[in-house]
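Report on the structure given below.
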Amino acid sequence: MLNSDTPQTFATAVNCMDGRVQTSVMVFAKARFGVDYVDMVTEAGAVANINEGVRRHVEISVQAHSSKGIVVAAHADCAGNPISDDEQKEQCREAARILKSDWPEMEVISIWEPLDGHLEILEY
Ligand SMILES: [Zn+2]
């Protein structure tokens, strides 16, 4: 049980708002970075547009919560970004490159969620 004396650790996830991909991405980020919480920055089809709003939220997570790392995720059957899986994966890689250039000291991981729970790490 965490209390106010217990250090709380955070990671950051830039993800779609789709309810089907919240838990898997959060579980992945918690395990990957060994943190208590994941700050979820969500937009419909987030990887298609890493805009100022997304960056501002990531900045809050990085600065105020001392985030241990950033996950950026896209998924199959995205209503907010209805293009092919391959095009989405390329956008996800590019989103990771953008976030990495914003925060070069942070580990940024690009992941694909095929909706079967088996997340794929995308090299970029
Ligand atoms: Zn989506």
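By order in the structure tokens, chains are A, B, ...; within a chain, residues start at 1; ligands start at 1, following the order shown.
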
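Considering only C-alpha atoms and all ligand atoms, the residues that reside within 10 Å of ligand 1 can be listed as Asn15, Cys16, Met17, Asp18, Gly19, Arg20, Val21, Thr42, Glu43, Ala44, Gly45, Ala46, Val47, Ala73, Ala74, His75, Ala76, Asp77, Cys78, Ala79, Gly80, Asn81, Pro82 and Glu113 of chain A.
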
I need the chosen residues saved as a short mmCIF file (atom, residue, chain, number, x, y, z; two decimals), in the first residue's frame, with N, CA and C atoms.
```cif
data_model
loop_
_atom_site.label_atom_id
_atom_site.label_comp_id
_atom_site.auth_asym_id
_atom_site.auth_seq_id
_atom_site.Cartn_x
_atom_site.Cartn_y
_atom_site.Cartn_z
N ASN A 15 -1.09 7.19 -26.20
CA ASN A 15 -1.89 6.08 -26.66
C ASN A 15 -3.17 6.61 -27.30
N CYS A 16 -3.87 5.74 -28.02
CA CYS A 16 -5.20 6.07 -28.50
C CYS A 16 -6.16 6.13 -27.32
N MET A 17 -7.31 6.81 -27.52
CA MET A 17 -8.31 6.85 -26.46
C MET A 17 -9.17 5.59 -26.41
N ASP A 18 -9.00 4.71 -27.38
CA ASP A 18 -9.79 3.48 -27.50
C ASP A 18 -9.70 2.64 -26.23
N GLY A 19 -10.84 2.31 -25.65
CA GLY A 19 -10.88 1.57 -24.40
C GLY A 19 -10.23 0.21 -24.46
N ARG A 20 -10.14 -0.36 -25.67
CA ARG A 20 -9.58 -1.70 -25.80
C ARG A 20 -8.08 -1.74 -25.59
N VAL A 21 -7.42 -0.59 -25.65
CA VAL A 21 -5.95 -0.61 -25.59
C VAL A 21 -5.39 0.11 -24.37
N THR A 42 -3.88 10.47 -23.96
CA THR A 42 -4.67 9.83 -25.02
C THR A 42 -5.31 10.84 -25.96
N GLU A 43 -5.31 10.45 -27.22
CA GLU A 43 -6.04 11.13 -28.28
C GLU A 43 -6.56 10.03 -29.20
N ALA A 44 -7.59 10.30 -29.97
CA ALA A 44 -8.01 9.33 -30.98
C ALA A 44 -6.91 9.24 -32.04
N GLY A 45 -6.35 8.06 -32.20
CA GLY A 45 -5.27 7.89 -33.18
C GLY A 45 -4.09 8.79 -32.90
N ALA A 46 -3.60 8.77 -31.67
CA ALA A 46 -2.59 9.74 -31.21
C ALA A 46 -1.35 9.79 -32.10
N VAL A 47 -0.91 8.64 -32.61
CA VAL A 47 0.35 8.64 -33.36
C VAL A 47 0.27 9.43 -34.66
N ALA A 73 2.02 4.24 -28.54
CA ALA A 73 1.34 3.04 -29.02
C ALA A 73 0.29 3.36 -30.08
N ALA A 74 0.19 2.44 -31.02
CA ALA A 74 -0.90 2.45 -32.01
C ALA A 74 -1.50 1.05 -32.03
N HIS A 75 -2.70 0.94 -32.62
CA HIS A 75 -3.37 -0.37 -32.57
C HIS A 75 -4.18 -0.64 -33.83
N ALA A 76 -4.47 -1.93 -34.01
CA ALA A 76 -5.29 -2.37 -35.14
C ALA A 76 -6.72 -1.83 -34.99
N ASP A 77 -7.40 -1.66 -36.11
CA ASP A 77 -8.82 -1.29 -36.13
C ASP A 77 -9.06 0.04 -35.42
N CYS A 78 -8.18 1.01 -35.67
CA CYS A 78 -8.29 2.31 -34.99
C CYS A 78 -9.30 3.20 -35.70
N ALA A 79 -10.41 3.51 -35.02
CA ALA A 79 -11.45 4.36 -35.61
C ALA A 79 -10.96 5.79 -35.81
N GLY A 80 -10.02 6.21 -34.99
CA GLY A 80 -9.51 7.58 -35.08
C GLY A 80 -8.42 7.75 -36.11
N ASN A 81 -7.94 6.64 -36.67
CA ASN A 81 -6.84 6.69 -37.62
C ASN A 81 -7.00 5.53 -38.60
N PRO A 82 -8.06 5.59 -39.42
CA PRO A 82 -8.47 4.43 -40.22
C PRO A 82 -7.63 4.26 -41.48
N GLU A 113 -0.28 -2.62 -30.93
CA GLU A 113 -1.24 -3.47 -30.22
C GLU A 113 -2.20 -4.07 -31.25
#
```

Next item on the list: Determine, counting only C-alpha atoms, which protein, DNA and RNA residues have an atom within 8 Å of an atom of A:Ser61; residues of the same chain fewer than 5 positions away are not included. Present the result as a list in words.
Entry: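 Contacts, in chain order: Phe10, Ala11, Thr12, Asp39, Ser66 and Ser67 of chain A.
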
Could you give me, as CSV, every stretch 62-108 of chain A residue with an atom at most 9 Å from stretch 55-58 of chain A, plus its closest atom pair and distance in Å to one decimal, counting only C-alpha atoms, rows ordered by chain then number?
```
residue,atom,partner,partner_atom,distance
A:Val62,CA,A:Val58,CA,6.1
A:Gln63,CA,A:Val58,CA,8.5
A:Ile70,CA,A:Val58,CA,8.4
A:Leu99,CA,A:Arg55,CA,7.9
A:Asp102,CA,A:Arg55,CA,8.5
```

Next item on the list: Write out as number ranges by chain all residues of chain A that DSSP puts in helix (DSSP H, G or I) for this structure's backbone.
Entry: A: 19-33, 46-48, 52-64, 85-102

Next item on the list: May I have the residues within 12 Å of A:Leu119 as a list in words, using only C-alpha atoms and disregarding those fewer than 2 positions away in the same chain?
Entry: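 Contacts, in chain order: Val21, Thr23, Ser24, Val25, Met26, Val27, Phe28, Ala29, Val71, Val72, Ala73, Ala74, His75, Ala76, Ile109, Ser110, Ile111, Trp112, Glu113, Pro114, Leu115, Asp116, Gly117, Ile121 and Leu122 of chain A.
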
Notebook entry, point to check: For A:Val14, which residue among A:Ser84, A:Ala95, A:Lys68, A:Glu123 is the nearest when counting only C-alpha atoms?
Noted result: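 Smallest distance to A:Val14 is found for A:Ala95.
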
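The shell of residues at most 7 Å from A:Met106, with only C-alpha atoms counted and near chain neighbours (fewer than 3 positions) removed, consists of Gly69, Lys100 and Trp103 of chain A.
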
Note to self: I need the strand (DSSP E) residues of chain A per DSSP on the backbone, written as a PyMOL selection string.
What the structure shows: chain A and resi 10-16+37-43+70-75+108-113+120-122
